[in-house]
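Structure file start_5.cif with mmCIF, C-alpha atoms:
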data_target
loop_
_atom_site.group_PDB
_atom_site.id
_atom_site.type_symbol
_atom_site.label_atom_id
_atom_site.label_comp_id
_atom_site.auth_asym_id
_atom_site.auth_seq_id
_atom_site.Cartn_x
_atom_site.Cartn_y
_atom_site.Cartn_z
ATOM 1 C CA MET Y 1 121.983 45.322 173.287
ATOM 2 C CA LEU Y 2 120.913 48.917 172.728
ATOM 3 C CA LYS Y 3 121.479 48.452 169.012
ATOM 4 C CA THR Y 4 119.061 45.498 169.025
ATOM 5 C CA LEU Y 5 116.414 47.546 170.813
ATOM 6 C CA PHE Y 6 116.646 50.403 168.337
ATOM 7 C CA ALA Y 7 116.777 48.212 165.208
ATOM 8 C CA PRO Y 8 112.966 48.183 164.685
ATOM 9 C CA LEU Y 9 112.816 51.936 165.218
ATOM 10 C CA ARG Y 10 115.631 52.515 162.717
ATOM 11 C CA TRP Y 11 113.831 50.255 160.222
ATOM 12 C CA LEU Y 12 110.570 52.178 160.694
ATOM 13 C CA ILE Y 13 112.336 55.522 160.225
ATOM 14 C CA LYS Y 14 114.035 54.150 157.130
ATOM 15 C CA VAL Y 15 110.686 53.027 155.670
ATOM 16 C CA VAL Y 16 109.023 56.389 156.381
ATOM 17 C CA LEU Y 17 111.933 58.278 154.837
ATOM 18 C CA ALA Y 18 111.909 55.876 151.890
ATOM 19 C CA LEU Y 19 108.235 56.654 151.259
ATOM 20 C CA LEU Y 20 108.931 60.383 151.400
ATOM 21 C CA ILE Y 21 111.884 60.041 149.045
ATOM 22 C CA LEU Y 22 109.872 57.904 146.640
ATOM 23 C CA PHE Y 23 107.191 60.586 146.554
ATOM 24 C CA GLU Y 24 109.830 63.208 145.845
ATOM 25 C CA GLU Y 25 111.476 60.992 143.218
ATOM 26 C CA TRP Y 26 108.130 60.308 141.562
ATOM 27 C CA GLY Y 27 106.966 63.876 141.740
ATOM 28 C CA TRP Y 28 110.151 65.881 141.292
ATOM 29 C CA GLU Y 29 110.701 65.545 137.554
ATOM 30 C CA PRO Y 30 107.071 65.601 136.323
ATOM 31 C CA LEU Y 31 106.229 68.542 138.585
ATOM 32 C CA ARG Y 32 109.392 70.377 137.512
ATOM 33 C CA ARG Y 33 108.259 69.949 133.889
ATOM 34 C CA VAL Y 34 104.843 71.433 134.731
ATOM 35 C CA PHE Y 35 106.541 74.446 136.282
ATOM 36 C CA ALA Y 36 108.816 74.677 133.239
ATOM 37 C CA LEU Y 37 105.703 75.130 131.085
ATOM 38 C CA ILE Y 38 104.522 77.940 133.336
ATOM 39 C CA ALA Y 39 108.037 79.384 133.253
ATOM 40 C CA LYS Y 40 107.661 80.123 129.544
ATOM 41 C CA LEU Y 41 105.708 83.233 130.466
ATOM 42 C CA PRO Y 42 107.867 86.356 129.955
ATOM 43 C CA VAL Y 43 107.471 87.557 133.552
ATOM 44 C CA ILE Y 44 108.573 84.174 134.878
ATOM 45 C CA ARG Y 45 111.576 84.096 132.523
ATOM 46 C CA GLN Y 46 112.695 87.450 133.922
ATOM 47 C CA PHE Y 47 112.260 86.087 137.435
ATOM 48 C CA GLU Y 48 114.329 83.004 136.496
ATOM 49 C CA ALA Y 49 117.134 85.243 135.235
ATOM 50 C CA LEU Y 50 117.081 87.097 138.553
ATOM 51 C CA LEU Y 51 117.199 83.809 140.511
ATOM 52 C CA LYS Y 52 120.161 82.542 138.494
ATOM 53 C CA ARG Y 53 122.157 85.656 139.442
ATOM 54 C CA LEU Y 54 121.531 85.352 143.183
ATOM 55 C CA PRO Y 55 124.549 85.139 145.480
ATOM 56 C CA PRO Y 56 124.834 81.805 147.327
ATOM 57 C CA ARG Y 57 123.385 82.938 150.660
ATOM 58 C CA TRP Y 58 120.340 84.518 149.046
ATOM 59 C CA ALA Y 59 119.881 81.395 146.939
ATOM 60 C CA PHE Y 60 119.646 79.406 150.184
ATOM 61 C CA VAL Y 61 117.013 81.818 151.533
ATOM 62 C CA VAL Y 62 115.033 81.344 148.316
ATOM 63 C CA LEU Y 63 115.314 77.567 148.709
ATOM 64 C CA ILE Y 64 113.698 77.746 152.157
ATOM 65 C CA LEU Y 65 110.876 80.090 151.122
ATOM 66 C CA PRO Y 66 108.502 77.470 149.606
ATOM 67 C CA SER Y 67 108.442 75.552 152.886
ATOM 68 C CA LEU Y 68 107.705 78.721 154.836
ATOM 69 C CA LEU Y 69 105.023 79.835 152.393
ATOM 70 C CA ILE Y 70 103.249 76.474 152.520
ATOM 71 C CA LEU Y 71 103.282 76.271 156.329
ATOM 72 C CA PRO Y 72 100.160 78.476 156.770
ATOM 73 C CA ILE Y 73 98.326 76.307 154.232
ATOM 74 C CA LYS Y 74 99.218 73.186 156.194
ATOM 75 C CA LEU Y 75 98.064 74.855 159.416
ATOM 76 C CA LEU Y 76 94.775 75.699 157.701
ATOM 77 C CA ALA Y 77 94.459 72.033 156.710
ATOM 78 C CA VAL Y 78 94.979 70.962 160.339
ATOM 79 C CA TRP Y 79 92.317 73.453 161.423
ATOM 80 C CA LEU Y 80 89.910 72.094 158.788
ATOM 81 C CA VAL Y 81 90.477 68.549 160.040
ATOM 82 C CA ALA Y 82 89.888 69.733 163.623
ATOM 83 C CA GLN Y 83 86.598 71.247 162.412
ATOM 84 C CA GLY Y 84 85.583 67.865 160.993
ATOM 85 C CA ARG Y 85 86.238 68.730 157.345
ATOM 86 C CA TYR Y 86 88.630 65.820 156.805
ATOM 87 C CA GLY Y 87 88.340 65.583 153.033
ATOM 88 C CA LEU Y 88 89.049 69.247 152.456
ATOM 89 C CA GLY Y 89 91.961 69.177 154.908
ATOM 90 C CA VAL Y 90 93.548 66.160 153.229
ATOM 91 C CA VAL Y 91 93.057 67.630 149.741
ATOM 92 C CA LEU Y 92 94.629 70.886 150.924
ATOM 93 C CA VAL Y 93 97.688 69.094 152.351
ATOM 94 C CA ILE Y 94 98.136 67.011 149.190
ATOM 95 C CA GLY Y 95 97.717 70.080 146.980
ATOM 96 C CA ALA Y 96 100.206 72.054 149.073
ATOM 97 C CA LYS Y 97 102.691 69.174 148.912
ATOM 98 C CA LEU Y 98 102.365 68.931 145.122
ATOM 99 C CA VAL Y 99 102.699 72.671 144.564
ATOM 100 C CA GLY Y 100 105.552 72.897 147.082
ATOM 101 C CA THR Y 101 107.436 70.015 145.445
ATOM 102 C CA ALA Y 102 106.960 71.525 141.984
ATOM 103 C CA LEU Y 103 108.116 74.943 143.164
ATOM 104 C CA LEU Y 104 111.102 73.493 145.008
ATOM 105 C CA ALA Y 105 112.161 71.383 142.007
ATOM 106 C CA TRP Y 106 111.951 74.402 139.709
ATOM 107 C CA LEU Y 107 113.809 76.667 142.136
ATOM 108 C CA PHE Y 108 116.499 74.115 142.930
ATOM 109 C CA GLN Y 109 117.248 73.617 139.255
ATOM 110 C CA LEU Y 110 117.797 77.369 138.899
ATOM 111 C CA ILE Y 111 119.814 78.043 142.050
ATOM 112 C CA GLN Y 112 121.781 74.807 142.486
ATOM 113 C CA PRO Y 113 125.010 76.301 141.039
ATOM 114 C CA ALA Y 114 124.894 79.130 143.579
ATOM 115 C CA LEU Y 115 124.067 76.739 146.429
ATOM 116 C CA MET Y 116 127.029 74.538 145.566
ATOM 117 C CA GLN Y 117 129.303 77.516 146.227
ATOM 118 C CA LEU Y 118 128.402 77.220 149.909
ATOM 119 C CA PRO Y 119 130.924 74.635 151.210
ATOM 120 C CA TRP Y 120 128.608 73.312 153.925
ATOM 121 C CA PHE Y 121 125.730 72.944 151.447
ATOM 122 C CA ALA Y 122 127.926 71.146 148.900
ATOM 123 C CA ARG Y 123 129.049 68.681 151.603
ATOM 124 C CA PHE Y 124 125.503 68.150 152.828
ATOM 125 C CA TYR Y 125 124.201 67.687 149.277
ATOM 126 C CA ALA Y 126 126.914 65.105 148.484
ATOM 127 C CA ARG Y 127 126.069 63.159 151.658
ATOM 128 C CA TRP Y 128 122.350 63.425 150.992
ATOM 129 C CA THR Y 129 122.783 62.196 147.418
ATOM 130 C CA ARG Y 130 124.844 59.187 148.554
ATOM 131 C CA TRP Y 131 122.413 58.356 151.357
ATOM 132 C CA LYS Y 132 119.423 58.679 149.035
ATOM 133 C CA ALA Y 133 121.076 56.447 146.427
ATOM 134 C CA ASP Y 134 121.781 53.801 149.082
ATOM 135 C CA LEU Y 135 118.197 54.015 150.324
ATOM 136 C CA LEU Y 136 116.846 53.645 146.792
ATOM 137 C CA VAL Y 137 119.029 50.546 146.290
ATOM 138 C CA TRP Y 138 117.580 49.130 149.522
ATOM 139 C CA ILE Y 139 114.015 49.892 148.368
ATOM 140 C CA ARG Y 140 114.497 48.504 144.872
ATOM 141 C CA SER Y 141 116.003 45.289 146.210
ATOM 142 C CA SER Y 142 112.998 44.654 148.462
ATOM 143 C CA GLY Y 143 110.407 42.040 147.592
ATOM 144 C CA VAL Y 144 107.621 44.585 147.887
ATOM 145 C CA TRP Y 145 109.260 46.835 145.280
ATOM 146 C CA ARG Y 146 109.936 43.965 142.869
ATOM 147 C CA THR Y 147 106.373 42.683 143.222
ATOM 148 C CA ALA Y 148 104.885 46.159 142.724
ATOM 149 C CA ARG Y 149 107.087 46.690 139.672
ATOM 150 C CA ALA Y 150 106.038 43.350 138.165
ATOM 151 C CA ILE Y 151 102.356 44.209 138.733
ATOM 152 C CA LYS Y 152 102.873 47.628 137.166
ATOM 153 C CA LEU Y 153 104.482 46.072 134.080
ATOM 154 C CA ARG Y 154 101.634 43.540 133.738
ATOM 155 C CA VAL Y 155 99.028 46.284 134.004
ATOM 156 C CA LYS Y 156 100.897 48.331 131.378
ATOM 157 C CA ARG Y 157 100.989 45.342 129.002
ATOM 158 C CA LEU Y 158 97.290 44.663 129.531
ATOM 159 C CA PHE Y 159 96.490 48.323 128.914
ATOM 160 C CA ARG Y 160 98.552 48.339 125.704
ATOM 161 C CA ARG Y 161 96.851 45.153 124.455
ATOM 162 C CA GLY Y 162 93.450 46.655 125.242
ATOM 163 C CA ARG Y 163 94.262 49.729 123.179
ATOM 164 C CA GLN Y 164 95.598 47.698 120.236
ATOM 165 C CA THR Y 165 92.525 45.485 119.751
ATOM 166 C CA PRO Y 166 90.201 46.985 117.119
ATOM 167 C CA GLN Y 167 86.832 48.114 118.403
ATOM 168 C CA ALA Y 168 83.773 46.884 116.479
#
Target format structure tokens, applied to this file:
Amino acid sequence: MLKTLFAPLRWLIKVVLALLILFEEWGWEPLRRVFALIAKLPVIRQFEALLKRLPPRWAFVVLILPSLLILPIKLLAVWLVAQGRYGLGVVLVIGAKLVGTALLAWLFQLIQPALMQLPWFARFYARWTRWKADLLVWIRSSGVWRTARAIKLRVKRLFRRGRQTPQA
């Protein structure tokens, strides 16, 4: 009986987490590539070399830093919304999320080998990866996903046809 009562709540949590994961999936690789372009600067390359040599525990501290650094920005966004500046607050939160995701993707790529030396982190990461894969299967098998994908493909085809027709 209790399971039946909590089923809608579990579904809602699953949908919210799915949306967050889809954002991360969509943003992770492109944003990591943007940071990789920035990382071509000599100072950043030296910083990358330093990050790659970090011991596991310090690598974990570095992994948490982007979230802590972005927290004041998010608090500022909440304050702006409370002051009635909704647009600016929303733009600030979205910008912070994009920059934070890009920074986290770049950092994780550099320090993942060190993090995997922490047994608890390696276990958590394996579980997280399995859970995320299962959730993505659930999302991709949904009617909403299939419909959105079909629409996306149609729009792409229309866009390609529009570009191929000669302009007079």
**Item:** d(atom CA of Y:Leu69, atom CA of Y:Met116) in Å
**Value:**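 Here the two named atoms are 23.6 Å from each other.
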**Item:** Distance of atom CA of Y:Ala18 from atom CA of Y:Ile139, expressed in Å to one decimal place
**Value:**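 These two atoms are separated by 7.3 Å.
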**Request:** Work out how far apart atom CA of Y:Leu103 and atom CA of Y:Arg32 are and give it in Å to one decimal.
**Result:**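 Between atom CA of Y:Leu103 and atom CA of Y:Arg32 the gap is 7.4 Å.
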Box for stretch 147-163 of chain Y: with edges along x, y and z, all listed atoms inside and 3 Å added on each side, what are the centre and edge lengths in Å to one decimal, as JSON?
{"center_x": 100.3, "center_y": 46.2, "center_z": 133.2, "size_x": 19.6, "size_y": 13.0, "size_z": 26.0}
**Request:** Any chance you could resolve the PyMOL selection byres ((chain Y and resi 109) around 12) against this file and give the residues as a ChimeraX atom specification?
**Result:** /Y:28-29,32-33,35-36,48,51-52,59,63,102-108,110-116
**Selection result of the PyMOL selection byres ((chain Y and resi 73) around 12) on this file, as a PyMOL selection string** = chain Y and resi 66-72+74-80+88-97+99-100
Kindly export the residues of the current selection with C-alpha atoms, as a PDB file, keeping the file's coordinate frame.
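Listed below is the output, out.pdb:
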ATOM      1  CA  PRO Y  66     108.502  77.470 149.606  1.00  0.00           C
ATOM      2  CA  SER Y  67     108.442  75.552 152.886  1.00  0.00           C
ATOM      3  CA  LEU Y  68     107.705  78.721 154.836  1.00  0.00           C
ATOM      4  CA  LEU Y  69     105.023  79.835 152.393  1.00  0.00           C
ATOM      5  CA  ILE Y  70     103.249  76.474 152.520  1.00  0.00           C
ATOM      6  CA  LEU Y  71     103.282  76.271 156.329  1.00  0.00           C
ATOM      7  CA  PRO Y  72     100.160  78.476 156.770  1.00  0.00           C
ATOM      8  CA  LYS Y  74      99.218  73.186 156.194  1.00  0.00           C
ATOM      9  CA  LEU Y  75      98.064  74.855 159.416  1.00  0.00           C
ATOM     10  CA  LEU Y  76      94.775  75.699 157.701  1.00  0.00           C
ATOM     11  CA  ALA Y  77      94.459  72.033 156.710  1.00  0.00           C
ATOM     12  CA  VAL Y  78      94.979  70.962 160.339  1.00  0.00           C
ATOM     13  CA  TRP Y  79      92.317  73.453 161.423  1.00  0.00           C
ATOM     14  CA  LEU Y  80      89.910  72.094 158.788  1.00  0.00           C
ATOM     15  CA  LEU Y  88      89.049  69.247 152.456  1.00  0.00           C
ATOM     16  CA  GLY Y  89      91.961  69.177 154.908  1.00  0.00           C
ATOM     17  CA  VAL Y  90      93.548  66.160 153.229  1.00  0.00           C
ATOM     18  CA  VAL Y  91      93.057  67.630 149.741  1.00  0.00           C
ATOM     19  CA  LEU Y  92      94.629  70.886 150.924  1.00  0.00           C
ATOM     20  CA  VAL Y  93      97.688  69.094 152.351  1.00  0.00           C
ATOM     21  CA  ILE Y  94      98.136  67.011 149.190  1.00  0.00           C
ATOM     22  CA  GLY Y  95      97.717  70.080 146.980  1.00  0.00           C
ATOM     23  CA  ALA Y  96     100.206  72.054 149.073  1.00  0.00           C
ATOM     24  CA  LYS Y  97     102.691  69.174 148.912  1.00  0.00           C
ATOM     25  CA  VAL Y  99     102.699  72.671 144.564  1.00  0.00           C
ATOM     26  CA  GLY Y 100     105.552  72.897 147.082  1.00  0.00           C
TER      27      GLY Y 100
END
**Request:** Check which residues satisfy the PyMOL selection byres ((chain Y and resi 132) around 12) in the file shown, then give them as a PyMOL selection string.
**Result:** chain Y and resi 14+17-22+24-25+124-131+133-139
